[in-house]
Each structure stands twice: as structure tokens, then as C-alpha cells.
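Everything below belongs to entry_28.cif, which stores mmCIF, C-alpha atoms.
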data_start
#
loop_
_atom_site.label_atom_id
_atom_site.label_comp_id
_atom_site.auth_asym_id
_atom_site.auth_seq_id
_atom_site.Cartn_x
_atom_site.Cartn_y
_atom_site.Cartn_z
CA MET A 24 0.00 0.00 0.00
CA GLU A 25 1.25 3.45 -0.92
CA PHE A 26 0.97 5.20 2.45
CA GLY A 27 3.23 8.07 1.40
CA ALA A 28 1.23 8.87 -1.75
CA LEU A 29 -2.01 8.45 0.18
CA ILE A 30 -0.96 10.93 2.89
CA LYS A 31 0.32 13.37 0.29
CA PHE A 32 -2.92 13.13 -1.74
CA TYR A 33 -5.19 13.88 1.21
CA ARG A 34 -2.93 16.54 2.68
CA THR A 35 -2.74 18.41 -0.69
CA GLN A 36 -6.47 17.94 -1.30
CA ARG A 37 -7.34 19.42 2.08
CA GLY A 38 -4.85 22.27 1.86
CA ILE A 39 -2.89 21.20 4.97
CA THR A 40 0.81 22.05 5.18
CA GLN A 41 3.42 19.45 6.08
CA ALA A 42 4.13 21.39 9.31
CA GLU A 43 0.47 21.27 10.37
CA LEU A 44 0.13 17.56 9.69
CA SER A 45 3.38 16.49 11.29
CA LYS A 46 3.05 18.67 14.41
CA GLY A 47 3.53 16.47 17.50
CA ILE A 48 3.96 13.31 15.39
CA CYS A 49 7.24 13.64 13.49
CA SER A 50 9.52 16.26 11.93
CA VAL A 51 8.66 18.02 8.63
CA PRO A 52 11.67 16.46 6.75
CA HIS A 53 10.60 13.04 8.06
CA LEU A 54 7.04 13.54 6.75
CA SER A 55 8.46 14.76 3.46
CA LYS A 56 10.49 11.54 3.11
CA ILE A 57 7.43 9.43 3.97
CA GLU A 58 5.34 11.25 1.36
CA ASN A 59 7.99 10.69 -1.30
CA ASN A 60 8.28 7.04 -0.30
CA SER A 61 12.02 7.51 0.21
CA LYS A 62 11.79 6.44 3.84
CA GLU A 63 9.90 3.55 5.39
CA ALA A 64 8.10 4.98 8.40
CA ASN A 65 7.14 2.89 11.40
CA GLU A 66 3.55 1.74 11.75
CA LYS A 67 2.82 4.01 14.69
CA THR A 68 3.83 7.19 12.83
CA ILE A 69 1.79 6.17 9.79
CA SER A 70 -1.24 5.36 11.88
CA LEU A 71 -1.05 8.72 13.75
CA LEU A 72 -0.74 10.66 10.49
CA LEU A 73 -3.67 8.81 8.93
CA ARG A 74 -5.80 9.30 12.03
CA ARG A 75 -5.16 13.05 11.85
CA LEU A 76 -6.39 12.93 8.25
CA ASN A 77 -9.47 10.90 9.34
CA ILE A 78 -8.62 7.94 7.12
CA ASP A 79 -9.79 4.41 7.92
CA LEU A 80 -7.71 1.60 6.41
CA GLU A 81 -10.00 -1.36 7.01
CA GLU A 82 -10.98 -3.51 4.03
CA MET A 83 -8.27 -1.83 2.02
CA GLU A 84 -6.10 -4.82 1.27
CA GLU A 85 -9.02 -7.01 0.22
CA LYS A 86 -10.42 -4.43 -2.13
CA GLU A 87 -7.17 -3.27 -3.72
CA GLY A 88 -7.09 -6.15 -6.22
CA GLU A 89 -10.69 -5.52 -7.21
CA ILE A 90 -9.99 -1.82 -7.80
CA ASN A 91 -7.04 -2.68 -10.01
CA MET A 92 -9.12 -5.13 -12.04
CA LEU A 93 -12.00 -2.67 -12.51
CA LEU A 94 -9.67 0.14 -13.58
CA ARG A 95 -7.91 -2.02 -16.18
CA SER A 96 -11.26 -3.19 -17.43
CA LEU A 97 -12.57 0.40 -17.72
CA ASP A 98 -9.51 1.42 -19.73
CA ASP A 99 -9.97 -1.59 -22.05
CA LYS A 100 -13.65 -0.88 -22.59
CA ILE A 101 -13.00 2.75 -23.43
CA ASN A 102 -10.32 1.69 -25.92
CA PHE A 103 -12.74 -0.81 -27.48
CA TYR A 104 -15.55 1.77 -27.45
CA LEU A 105 -17.98 -0.52 -25.60
CA ARG A 106 -20.45 2.18 -24.54
CA ASP A 107 -22.90 0.11 -22.45
CA GLU A 108 -20.23 -1.91 -20.67
CA ILE A 109 -18.28 1.25 -19.81
CA GLU A 110 -21.23 2.58 -17.83
CA GLU A 111 -21.66 -0.67 -15.90
CA ASN A 112 -17.93 -0.85 -15.17
CA TYR A 113 -17.81 2.75 -13.98
CA GLN A 114 -20.79 2.26 -11.65
CA GLN A 115 -18.99 -0.71 -10.05
CA LEU A 116 -16.04 1.57 -9.38
CA VAL A 117 -18.29 4.27 -7.93
CA GLN A 118 -19.61 1.74 -5.40
CA ILE A 119 -16.13 1.30 -3.92
CA GLU A 120 -15.00 4.86 -4.63
CA HIS A 121 -14.60 5.63 -0.92
CA LEU A 122 -11.85 3.01 -0.69
CA ILE A 123 -9.86 4.04 -3.75
CA PRO A 124 -7.89 6.85 -2.08
CA PHE A 125 -6.44 4.23 0.27
CA SER A 126 -5.00 2.24 -2.61
CA GLN A 127 -2.03 2.92 -4.85
CA TYR A 128 -4.51 3.77 -7.65
CA ILE A 129 -5.70 7.14 -6.38
CA TYR A 130 -4.31 9.15 -9.28
CA ILE A 131 -5.05 6.50 -11.89
CA TYR A 132 -8.66 6.40 -10.71
CA GLU A 133 -9.03 10.18 -10.87
CA LEU A 134 -7.42 10.16 -14.32
CA TYR A 135 -9.72 7.39 -15.61
CA LYS A 136 -12.66 9.26 -14.15
CA PHE A 137 -11.54 12.26 -16.24
CA ARG A 138 -11.37 9.98 -19.29
CA TYR A 139 -14.80 8.49 -18.50
CA LEU A 140 -16.39 11.97 -18.23
CA ILE A 141 -14.83 12.99 -21.55
CA PHE A 142 -16.05 9.76 -23.17
CA LYS A 143 -19.57 10.45 -21.96
CA GLY A 144 -19.38 14.02 -23.28
CA HIS A 145 -19.94 15.55 -19.82
CA VAL A 146 -17.78 18.54 -20.67
CA ASP A 147 -18.46 20.67 -17.56
CA GLU A 148 -17.85 17.82 -15.13
CA ALA A 149 -14.75 16.83 -17.09
CA ASP A 150 -13.50 20.39 -16.77
CA ASP A 151 -13.95 20.26 -12.96
CA GLN A 152 -12.09 16.95 -12.89
CA ARG A 153 -9.29 18.45 -15.00
CA ALA A 154 -8.95 21.31 -12.49
CA LEU A 155 -8.79 18.82 -9.61
CA LEU A 156 -6.11 16.78 -11.39
CA TYR A 157 -4.14 19.89 -12.30
CA LYS A 158 -3.65 20.59 -8.58
CA GLN A 159 -2.12 17.14 -8.17
CA LYS A 160 -0.02 17.34 -11.32
CA LYS A 161 3.33 17.64 -9.58
CA ASN A 162 2.65 14.39 -7.69
CA PHE A 163 2.11 12.31 -10.85
CA SER A 164 4.37 9.50 -11.99
CA GLN A 165 5.68 9.63 -15.58
CA HIS A 166 2.83 7.39 -16.78
CA GLU A 167 0.20 9.43 -14.92
CA ASP A 168 1.62 12.65 -16.32
CA TYR A 169 1.39 11.18 -19.82
CA LEU A 170 -2.24 10.15 -19.24
CA PHE A 171 -3.15 13.61 -17.91
CA ARG A 172 -1.72 15.40 -20.92
CA TYR A 173 -3.20 12.89 -23.36
CA TYR A 174 -6.68 13.07 -21.82
CA HIS A 175 -6.41 16.86 -21.72
CA ALA A 176 -5.80 16.80 -25.49
CA ILE A 177 -8.92 14.63 -25.99
CA PHE A 178 -10.87 17.04 -23.79
CA LEU A 179 -9.75 19.96 -25.95
CA MET A 180 -10.91 18.08 -29.04
CA TRP A 181 -14.37 17.83 -27.47
CA LYS A 182 -14.26 21.59 -26.96
CA GLY A 183 -13.25 22.11 -30.60
CA GLN A 184 -9.78 23.42 -29.70
CA TYR A 185 -8.08 21.23 -32.27
CA GLN A 186 -4.87 23.21 -32.73
CA THR A 187 -3.98 23.14 -29.02
CA ALA A 188 -4.92 19.46 -28.85
CA ASP A 189 -2.68 18.77 -31.84
CA ASP A 190 0.22 20.63 -30.21
CA ILE A 191 -0.09 18.51 -27.05
CA LEU A 192 -0.29 15.24 -28.98
CA ASP A 193 2.71 16.31 -31.04
CA VAL A 194 4.80 16.96 -27.91
CA LEU A 195 3.76 13.59 -26.44
CA HIS A 196 4.75 11.90 -29.67
CA THR A 197 8.16 13.58 -29.88
CA GLU A 198 8.88 12.57 -26.28
CA ASN A 199 8.96 9.11 -27.83
CA ASN A 200 6.86 7.52 -25.15
CA HIS A 201 6.04 3.91 -26.13
CA GLU A 202 2.42 4.62 -25.16
CA THR A 203 2.00 6.87 -28.20
CA ALA A 204 2.07 3.71 -30.36
CA SER A 205 -1.34 2.65 -29.00
CA GLY A 206 -4.26 2.48 -31.41
CA GLU A 207 -6.26 5.05 -29.44
CA PHE A 208 -3.43 7.58 -29.45
CA LEU A 209 -2.89 7.15 -33.20
CA TYR A 210 -6.65 7.38 -33.80
CA HIS A 211 -6.87 10.65 -31.89
CA ARG A 212 -3.85 12.01 -33.76
CA SER A 213 -5.55 11.16 -37.03
CA LEU A 214 -8.87 12.65 -35.87
CA VAL A 215 -7.33 15.94 -34.79
CA LYS A 216 -5.42 16.23 -38.07
CA SER A 217 -8.64 15.46 -39.94
CA SER A 218 -10.48 18.20 -38.04
CA LEU A 219 -7.67 20.60 -38.95
CA GLU A 220 -8.05 19.50 -42.58
CA GLN A 221 -4.46 18.23 -42.69
CA SER A 222 -5.44 15.19 -44.72
CA GLY A 223 -1.98 13.83 -45.47
CA HIS A 224 -1.16 13.55 -41.77
CA ALA A 225 -4.64 12.25 -40.97
CA ILE A 226 -4.21 9.42 -43.51
CA HIS A 227 -0.72 8.62 -42.20
CA PHE A 228 -1.84 8.24 -38.57
CA GLY A 229 -5.16 6.69 -39.59
CA LYS A 230 -3.40 3.87 -41.44
CA MET A 231 -1.19 3.20 -38.40
CA ALA A 232 -4.23 3.20 -36.09
CA LEU A 233 -6.11 0.86 -38.44
CA GLN A 234 -3.28 -1.66 -38.39
CA THR A 235 -3.16 -1.62 -34.57
CA PHE A 236 -6.93 -1.96 -34.23
CA MET A 237 -6.94 -4.84 -36.73
CA ASN A 238 -4.29 -6.64 -34.68
CA GLN A 239 -6.47 -6.16 -31.58
CA HIS A 240 -9.72 -7.10 -33.41
CA ASN A 241 -11.04 -3.76 -32.17
CA PHE A 242 -13.95 -3.75 -34.62
CA ILE A 243 -15.79 -0.57 -33.63
CA ARG A 244 -12.64 1.54 -33.72
CA ILE A 245 -11.81 -0.07 -37.10
CA LEU A 246 -15.09 1.40 -38.39
CA HIS A 247 -14.29 4.81 -36.91
CA THR A 248 -10.82 4.76 -38.46
CA LEU A 249 -12.19 3.73 -41.86
CA MET A 250 -14.52 6.73 -41.63
CA LEU A 251 -11.54 8.99 -40.95
CA LEU A 252 -9.66 7.53 -43.91
CA GLY A 253 -12.73 7.93 -46.16
CA ILE A 254 -13.11 11.59 -45.18
CA ASN A 255 -9.44 12.35 -45.74
CA TYR A 256 -9.16 10.45 -49.03
CA THR A 257 -12.16 12.57 -50.13
CA HIS A 258 -10.43 15.76 -49.02
CA SER A 259 -7.27 14.71 -50.88
CA ASN A 260 -9.27 13.89 -54.05
CA ILE A 261 -8.31 10.20 -53.80
CA TYR A 262 -11.83 9.19 -54.68
CA GLU A 263 -11.50 5.46 -55.40
CA GLU A 264 -10.03 4.73 -51.97
CA ALA A 265 -12.62 6.97 -50.33
CA GLN A 266 -15.48 5.10 -52.04
CA GLU A 267 -13.97 1.78 -50.98
CA CYS A 268 -13.83 2.93 -47.34
CA PHE A 269 -17.46 4.08 -47.34
CA HIS A 270 -18.76 0.94 -49.11
CA HIS A 271 -16.91 -1.17 -46.56
CA LEU A 272 -18.39 0.93 -43.76
CA ILE A 273 -21.97 0.64 -45.04
CA ARG A 274 -21.61 -3.17 -45.25
CA ASN A 275 -20.13 -3.55 -41.78
CA ALA A 276 -21.88 -0.92 -39.69
CA GLU A 277 -25.11 -2.96 -39.86
CA LEU A 278 -23.28 -6.22 -39.15
CA LEU A 279 -21.73 -4.75 -36.03
CA LYS A 280 -25.04 -3.18 -34.98
CA GLU A 281 -23.49 0.27 -35.22
CA GLU A 282 -26.61 1.73 -36.84
CA LYS A 283 -25.87 5.08 -35.22
CA LEU A 284 -22.93 5.42 -37.60
CA LEU A 285 -24.98 4.78 -40.75
CA PRO A 286 -26.42 8.29 -41.19
CA GLN A 287 -22.95 9.73 -40.71
CA ILE A 288 -21.52 7.34 -43.29
CA TYR A 289 -24.27 8.29 -45.79
CA HIS A 290 -23.58 11.97 -45.13
CA ASN A 291 -19.88 11.51 -45.84
CA MET A 292 -20.70 9.46 -48.94
CA GLY A 293 -22.88 12.39 -50.06
CA HIS A 294 -19.97 14.74 -49.45
CA LEU A 295 -17.71 12.49 -51.54
CA GLN A 296 -20.25 12.32 -54.40
CA PHE A 297 -20.53 16.10 -54.37
CA LYS A 298 -16.76 16.47 -54.61
CA MET A 299 -16.87 14.03 -57.53
CA LYS A 300 -19.51 16.32 -59.11
CA ASN A 301 -22.14 13.55 -58.96
CA VAL A 302 -24.81 15.95 -57.77
CA LYS A 303 -27.78 13.56 -57.99
CA GLU A 304 -25.95 10.87 -56.05
CA ALA A 305 -24.84 13.44 -53.48
CA LEU A 306 -28.44 14.50 -52.91
CA TYR A 307 -29.52 10.85 -52.70
CA PHE A 308 -27.00 10.04 -49.95
CA TYR A 309 -27.63 13.26 -48.02
CA GLU A 310 -31.37 12.63 -48.02
CA LYS A 311 -30.82 9.00 -47.01
CA SER A 312 -28.69 10.24 -44.13
CA LEU A 313 -31.31 12.77 -43.07
CA ALA A 314 -34.10 10.18 -43.10
CA LEU A 315 -32.15 7.99 -40.68
CA GLN A 316 -31.54 10.74 -38.14
CA PRO A 317 -34.32 10.64 -35.58
CA ALA A 318 -33.40 13.58 -33.41
CA LYS A 319 -32.86 17.08 -34.65
CA ASN A 320 -29.32 17.14 -33.43
CA GLN A 321 -26.05 18.68 -34.63
CA HIS A 322 -25.53 16.03 -37.32
CA TYR A 323 -29.07 16.54 -38.64
CA LEU A 324 -28.26 20.24 -38.87
CA VAL A 325 -25.05 19.64 -40.83
CA THR A 326 -26.76 17.28 -43.28
CA LEU A 327 -29.74 19.58 -43.83
CA TYR A 328 -27.38 22.50 -44.39
CA ALA A 329 -25.46 20.45 -46.97
CA ILE A 330 -28.74 19.71 -48.79
CA GLY A 331 -29.61 23.43 -48.68
CA GLU A 332 -26.28 24.38 -50.24
CA LEU A 333 -26.62 21.66 -52.85
CA HIS A 334 -30.02 23.03 -53.93
CA HIS A 335 -28.59 26.55 -53.89
CA SER A 336 -25.72 25.54 -56.16
CA LEU A 337 -28.31 24.00 -58.52
CA ASN A 338 -30.26 27.29 -58.45
CA SER A 339 -33.25 25.54 -56.81
CA ILE A 340 -33.77 28.65 -54.72
CA GLU A 341 -37.12 27.70 -53.16
CA LYS A 342 -35.88 24.29 -51.99
CA SER A 343 -32.67 25.76 -50.61
CA LYS A 344 -34.68 28.47 -48.84
CA GLU A 345 -36.81 25.85 -47.06
CA CYS A 346 -33.67 24.01 -45.89
CA PHE A 347 -31.90 27.16 -44.75
CA GLN A 348 -34.96 28.38 -42.84
CA GLU A 349 -35.14 25.08 -40.95
CA VAL A 350 -31.40 25.09 -40.30
CA ASN A 351 -31.62 28.68 -39.12
CA LEU A 352 -34.32 27.87 -36.54
CA LEU A 353 -32.56 24.71 -35.41
CA SER A 354 -29.19 26.44 -35.13
CA LYS A 355 -30.71 28.82 -32.56
CA ASP A 356 -32.01 25.88 -30.47
CA LEU A 357 -28.68 24.07 -30.70
CA CYS A 358 -26.57 27.22 -30.21
CA ALA A 359 -24.77 26.42 -33.48
CA LYS A 360 -23.57 29.93 -34.28
CA LYS A 361 -21.70 28.96 -37.43
CA TYR A 362 -24.82 27.58 -39.11
CA ARG A 363 -26.95 30.47 -37.92
CA LEU A 364 -24.53 32.95 -39.53
CA LEU A 365 -24.25 30.97 -42.75
CA THR A 366 -28.00 30.54 -43.20
CA ASP A 367 -28.61 34.18 -42.23
CA PHE A 368 -26.26 35.11 -45.07
CA TYR A 369 -27.93 32.88 -47.65
CA LEU A 370 -31.46 33.91 -46.66
CA LEU A 371 -30.47 37.58 -46.77
CA HIS A 372 -28.80 37.02 -50.13
CA MET A 373 -32.09 35.75 -51.56
CA ALA A 374 -33.86 38.94 -50.42
CA SER A 375 -31.19 41.62 -50.73
CA PRO A 376 -27.68 40.83 -51.98
CA VAL A 377 -26.38 44.22 -50.82
CA LYS A 378 -27.45 43.57 -47.21
CA ALA A 379 -26.16 40.00 -47.46
CA PHE A 380 -22.66 41.09 -48.44
CA LYS A 381 -22.60 43.66 -45.64
CA TYR A 382 -23.61 40.89 -43.24
CA LEU A 383 -20.94 38.61 -44.67
CA GLU A 384 -18.30 41.26 -44.11
CA SER A 385 -19.40 42.38 -40.65
CA LYS A 386 -20.53 39.09 -39.05
CA VAL A 387 -19.64 35.95 -40.97
CA ILE A 388 -16.03 36.65 -41.93
CA PRO A 389 -14.95 37.93 -38.46
CA TYR A 390 -16.46 34.76 -36.91
CA PHE A 391 -14.59 32.44 -39.26
CA GLU A 392 -11.35 34.42 -38.92
CA GLU A 393 -11.56 34.19 -35.14
CA ALA A 394 -12.47 30.49 -35.16
CA ASN A 395 -9.40 29.87 -37.32
CA GLU A 396 -10.89 26.75 -38.86
CA HIS A 397 -12.35 25.73 -42.19
CA THR A 398 -10.01 27.87 -44.20
CA ASP A 399 -11.73 26.72 -47.40
CA ASP A 400 -14.90 28.52 -46.24
CA LEU A 401 -12.97 31.72 -45.60
CA THR A 402 -11.27 31.52 -48.98
CA ARG A 403 -14.66 31.18 -50.63
CA PHE A 404 -16.06 34.18 -48.76
CA TYR A 405 -13.04 36.34 -49.65
CA LYS A 406 -13.54 35.40 -53.27
CA MET A 407 -17.27 36.15 -53.09
CA LEU A 408 -16.58 39.62 -51.68
CA ALA A 409 -13.78 40.31 -54.15
CA ASP A 410 -16.15 39.41 -57.03
CA TYR A 411 -18.95 41.46 -55.52
CA TYR A 412 -16.84 44.61 -55.05
CA ASN A 413 -15.36 44.16 -58.50
CA GLN A 414 -18.86 44.12 -59.99
CA GLN A 415 -19.71 47.25 -58.01
CA GLY A 416 -16.61 48.96 -59.37
CA MET A 417 -15.14 49.23 -55.87
CA ILE A 418 -11.71 48.13 -56.93
CA ILE A 419 -9.82 48.96 -53.72
CA ASP A 420 -12.19 46.81 -51.63
CA ALA A 421 -11.99 44.02 -54.19
CA VAL A 422 -8.19 44.10 -54.04
CA THR A 423 -8.28 43.95 -50.21
CA TYR A 424 -10.06 40.61 -50.38
CA LEU A 425 -7.99 39.35 -53.29
CA LYS A 426 -4.90 40.03 -51.17
CA LYS A 427 -6.36 37.91 -48.36
CA LEU A 428 -6.72 35.08 -50.85
CA THR A 429 -2.99 34.90 -51.48
CA MET B 247 -22.44 72.90 -95.15
CA LYS B 248 -18.98 72.23 -93.75
CA LYS B 249 -19.96 74.00 -90.50
CA PHE B 250 -23.11 71.89 -90.29
CA VAL B 251 -21.14 68.62 -90.65
CA VAL B 252 -18.70 69.73 -87.94
CA LEU B 253 -21.61 70.66 -85.66
CA VAL B 254 -23.38 67.31 -86.17
CA PHE B 255 -20.13 65.42 -85.60
CA SER B 256 -19.45 67.37 -82.38
CA ILE B 257 -22.96 66.72 -81.07
CA SER B 258 -22.72 63.01 -81.82
CA LEU B 259 -19.29 62.86 -80.14
CA ILE B 260 -20.65 64.57 -77.00
CA ALA B 261 -23.67 62.25 -77.02
CA LEU B 262 -21.38 59.23 -77.32
CA PHE B 263 -19.24 60.28 -74.35
CA ALA B 264 -22.28 61.16 -72.27
CA SER B 265 -23.99 57.83 -72.94
CA SER B 266 -20.82 55.75 -72.46
CA LYS B 267 -20.68 56.89 -68.83
CA ASP B 268 -23.98 55.12 -68.18
CA VAL B 269 -23.07 51.94 -69.95
CA LYS B 270 -22.03 49.42 -67.40
CA VAL B 271 -22.04 45.65 -67.76
CA ASN B 272 -23.17 44.43 -64.42
CA THR B 273 -24.23 40.91 -63.56
CA PRO B 274 -27.14 41.07 -61.14
CA SER B 275 -26.06 39.59 -57.87
CA ASN B 276 -29.12 37.35 -57.76
CA ASP B 277 -27.87 35.51 -60.80
CA VAL B 278 -24.59 34.62 -59.19
CA ALA B 279 -24.73 31.05 -57.99
CA TYR B 280 -21.94 30.33 -55.58
CA THR B 281 -21.22 26.75 -56.39
CA ALA B 282 -18.60 25.87 -53.83
CA PRO B 283 -20.59 24.67 -50.84
CA SER B 284 -19.06 24.81 -47.42
CA ASN B 285 -20.67 21.58 -46.26
CA HIS B 286 -18.35 19.38 -44.32
CA PRO B 287 -17.93 15.72 -43.56
CA ILE B 288 -19.10 14.42 -40.20
CA GLN B 289 -16.10 13.21 -38.23
CA PRO B 290 -16.32 9.89 -36.36
CA PRO B 291 -16.72 9.94 -32.56
CA ILE B 292 -13.87 11.18 -30.40
CA GLY B 293 -14.80 8.73 -27.64
#
Can the structure from this file be put into C-alpha cells for me?
Amino acid sequence: MEFGALIKFYRTQRGITQAELSKGICSVPHLSKIENNSKEANEKTISLLLRRLNIDLEEMEEKEGEINMLLRSLDDKINFYLRDEIEENYQQLVQIEHLIPFSQYIYIYELYKFRYLIFKGHVDEADDQRALLYKQKKNFSQHEDYLFRYYHAIFLMWKGQYQTADDILDVLHTENNHETASGEFLYHRSLVKSSLEQSGHAIHFGKMALQTFMNQHNFIRILHTLMLLGINYTHSNIYEEAQECFHHLIRNAELLKEEKLLPQIYHNMGHLQFKMKNVKEALYFYEKSLALQPAKNQHYLVTLYAIGELHHSLNSIEKSKECFQEVNLLSKDLCAKKYRLLTDFYLLHMASPVKAFKYLESKVIPYFEEANEHTDDLTRFYKMLADYYNQQGMIIDAVTYLKKLT
Amino acid sequence: MKKFVVLVFSISLIALFASSKDVKVNTPSNDVAYTAPSNHPIQPPIG
């Protein structure tokens, strides 16, 4: 049992100084050595220190093995993306949570709890857990420090802060830690690169992740990785490979009862068909995707918006208007500012192009510039404004936007 | 006669310059279809 780490954890958590805790029991340097496990203290000293911290050690030894087993199992289930089993496993840990601080797994438990909260998408609770762990950071072992930074990067991905997440993962990778060869780590590297539209890197890490997951027979993550590869082959105009990925995904998502993935696969297939200029097929897949999405969630919004833009590009103004109006309403409910701004622009453009371009310049472009993502959108808007000002004979304004294009 | 020809020529020249200021080829903005949609793929779950 890690008495030193245990004492240090509780003392730090409760904001007690070494002098306060050791007063009348032992000297401060002695306590410091106990906490760092560099000195074996006698039983009496340990027991007095623990009593002052109100810690009861009964049952500890019996339960320590069980805690270890449950933690390993939770980690495995997260890596294999077994959603239902993760919940059950976590609840088992919660039942013996009061004993965990007495074991050597106190930090690992708190770190896995952080990972669990991220997995569940409980962003606010995960943020609280991150703050709690940050206070303990200096007490972490090398492995725990790695986990903290890695989970922090995943947390930032959830918050959409892809560049910072990428920087952290990059540092972890260059530190040459053997843990960065795990399938999950490679998958997250690929995913963050994909979100940053760095397709070459995303394909590189995605292929490595796929190989690892195949060796582990990690079927669900294989599907997720194939999706990443499909998206990034599409982005890189490697259409044959992209089609192969999506066909494979459609066949296997049903087999593996991953029906939740199907609408997303159809959406991405629609995106691929659009890039290939197969407009009818693109519309077919987008509509298929939309029909399979029961809730009016973020994905529904993205697909409906894509359909709206497709109709707009085909000059089917009435159909695109209907889509954009629905997206506009939904974006307010879902607090999806990006889609609210975009549909505001298109709807305004249908009524008054002059007002629409003013709106584009004053609201849409500043938002995209600040978000620093989707550079292809920004490029398109710069070009739109340059064309618009050119048509209006406002050459200086047109040149301003043309300059931004270069 | 010569004066008349010069006068007519001058008037037509002035008319040409005056009218050319109003001539402007302008594509109505409503006709401009922006055919590069900003739709995006849906990324797989972070987990």
C-alpha cells in the first residue's frame, strides 16, 4: 500500500501544510520523506498521520485487487468503445469509490474518471475533474503525467480546440513515449489532423491506427478509423479509396449493430459524391442520411445544411430556402452559431444581396477568422466579396479581399 | 455645309461620351450562384 502517496494526496487535497500535519507526530523532513516514499516509516507514525487525516484503512487490502481489475477493465472498454459496458464498469467503481484513495490507484482512478467523463461528453464535469487533477499534477508518476496530458488533449478536441490538442499530442509523440504507439493515441492524432483538414497527416496516422486496431480485433474503432480515412481520401481527391472505405463501412456498420454510424456514413458518402460532381448521387445520400436521423441534433443540422447548399448551387432557390430556414431555426435551439450565420447570409442574399454582403463582411467573416478553422470557407467568402466589389466597381475593396486570398 | 457637318459630328461625339458613362455591364447579384458549398464531412466519434 502506498501510504506516502495516500498521505500526500489527502494533505494536498485538504490544503494542509506538512508542518500542520506532522506537528507532534514527526519532523517536517521526516514527513516529506514518507510522502515521497524515500523512507519507510514505522507503523505508529503512519497510523497517527492517517488518524489526523481521518482515514480508515479497514478492508483496504481485500479491495485493492478488485480496484485494479475494474480500472484495467474500464480502460480496455474505453479503448474498445464498448459504450454500455463502460457505464456498468464505472458504476462498479463508484460503489467502492470511498476506498480508492487508500489504494495505490488514487491518481489513476481520478485520471480514468476524467477519461470516462470525456467519453460520456460531460464537458463541464470533465472540466472540474481536470482542475482537480491539475492541482495534483506535480505528484504524478511519468505514466500518470502522460495520461493527464493525453486526456487533456482529448478534452480539448471535445471543446473544438483542435490546434492546441494537436500541439499537445505532437509533444507527447516527440517525447517518444512507447504509449504513443497505441491504437487510441494514433486514432486521436488522425482525428485531430482530420479536423484541422491536414489530410496527409490524418491518412498517415489513420493507417497506423487501423493496423493496430486490426491486430487487436477492435472492430468498432476499425469502423471509426475507416470513416476517418474515407473523409481524408475525399479531401485529398483520392476518390477510389474513399469510395472503398465508405462501401466497406456501409456493409459492416449494420453487421456490427453500429446503426448510429450509418447516417454519418451516408452523409460523408454524399460529401464524396458532391466532390466528384455527382450531384444527384450526393443528394440521394444526403437525403438518405437525413431520413435515418431521428433527433434534430447537430448532425441533422449539418446534413440539412449540406442539402440546402446543394439546392442553392443548382439554383433551386425555393428548396434551398426551405432548408436554410429550418437550419436557421434549429441552429438557434442548438446554439450552433456557425450555421446560424451561414444561413442568415444565404437567406439575406435571396432577399437583398447588398445587405447579405454587408452581413458577410461584418458578421460571418470575423467569426470564421476568429475560429481559425475551415479555411476553405474563408477563402470562398473572400472570393465572393472580391467578385462582388469588382462588380460594383469598388476596386480597392476588391483588391483587399484578393490580397487575403494569397 | 462644312460648319453643319462639324456641328453634327461634335454633337454626336458629345452624345457618345455622355452615354458611355452610363453603360455598365453588371451581372445582377441574384444571378450569381456560388457553387462551392461549405458543407463538411461528419467526423467519427472522439470517444
Exercise for the section: Write down, as a VMD selection string, each residue of chain A that has any atom within 6 Å of an atom of chain B, counting only C-alpha atoms. Expected result: chain A and resid 142 247 291 329 332 336 400
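Straight-line separation from atom CA of A:Leu353 to atom CA of A:Val387: 18.0 Å.
When all atoms listed in the file are used to compute distances to A:Val302, the closest of the residues A:Leu333, A:Leu365, A:Ile254, A:Leu170 turns out to be A:Leu333.
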Exercise for the section: Find the residue from A:Gln118, A:Asn255, A:Thr235, A:Asn199 that sits nearest to A:Leu214; use only C-alpha atoms when measuring. Expected result: A:Asn255
Selection under test: the PyMOL selection byres ((chain A and resi 307-316) around 6); residues as a compact mmCIF listing (two decimals) with C-alpha atoms, keeping the file's coordinate frame:
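What follows is the written file out_7.txt:
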# COMPACT_ATOMS: atom_id res chain seq x y z
CA PRO A 286 -26.42 8.29 -41.19
CA TYR A 289 -24.27 8.29 -45.79
CA HIS A 290 -23.58 11.97 -45.13
CA GLY A 293 -22.88 12.39 -50.06
CA GLU A 304 -25.95 10.87 -56.05
CA ALA A 305 -24.84 13.44 -53.48
CA LEU A 306 -28.44 14.50 -52.91
CA PRO A 317 -34.32 10.64 -35.58
CA ALA A 318 -33.40 13.58 -33.41
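The interatomic distance for the pair atom CA of A:Phe228 and atom CA of A:Leu209 works out to 5.6 Å.
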Practice task
Could you list the residues chosen by the PyMOL selection byres ((chain A and resi 420) around 12) in this structure as an MDAnalysis selection string?
Solution key: chainID A and resid 384 405:419 421:427
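By all atoms listed in the file, and with residues fewer than 6 positions from A:Ile141 along its chain excluded, the set lying at most 8 Å from it is Ala149, Ile177, Phe178 and Trp181 of chain A; Gly293 of chain B.
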Keeping only C-alpha atoms, write the selected residues to a file as a compact mmCIF listing (two decimals), keeping the file's coordinate frame.
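Wrote out.txt, looks like this:
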# COMPACT_ATOMS: atom_id res chain seq x y z
CA ALA A 149 -14.75 16.83 -17.09
CA ILE A 177 -8.92 14.63 -25.99
CA PHE A 178 -10.87 17.04 -23.79
CA TRP A 181 -14.37 17.83 -27.47
CA GLY B 293 -14.80 8.73 -27.64
Exercise for the section: Report the distance between atom CA of A:Gly223 and atom CA of A:Tyr210 in Å, rounded to one decimal place. Expected result: 14.1 Å
Exercise for the section: Tell me which protein, DNA and RNA residues are within 9 Å of A:His175, counting only C-alpha atoms, leaving out same-chain ones fewer than 2 positions away, and put them as a list in words. Expected result: Phe137, Arg138, Arg153, Leu170, Phe171, Arg172, Tyr173, Ile177, Phe178, Leu179, Met180, Ala188 and Ile191 of chain A
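Evaluated on this file, the PyMOL selection byres ((chain A and resi 41) around 12) matches A:Ile30, A:Lys31, A:Phe32, A:Tyr33, A:Arg34, A:Thr35, A:Arg37, A:Gly38, A:Ile39, A:Thr40, A:Ala42, A:Glu43, A:Leu44, A:Ser45, A:Lys46, A:Gly47, A:Ile48, A:Cys49, A:Ser50, A:Val51, A:Pro52, A:His53, A:Leu54, A:Ser55, A:Lys56, A:Ile57, A:Glu58, A:Leu72, A:Leu76.
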Practice task
Write out as a list in words each polymer residue whose atoms come within 10 Å of A:Leu357, counting all atoms listed in the file; drop sequence neighbours fewer than 3 positions from it.
Solution key: Lys319, Asn320, Gln321, Leu324, Leu352, Leu353, Ser354, Lys360, Tyr362 and Arg363 of chain A
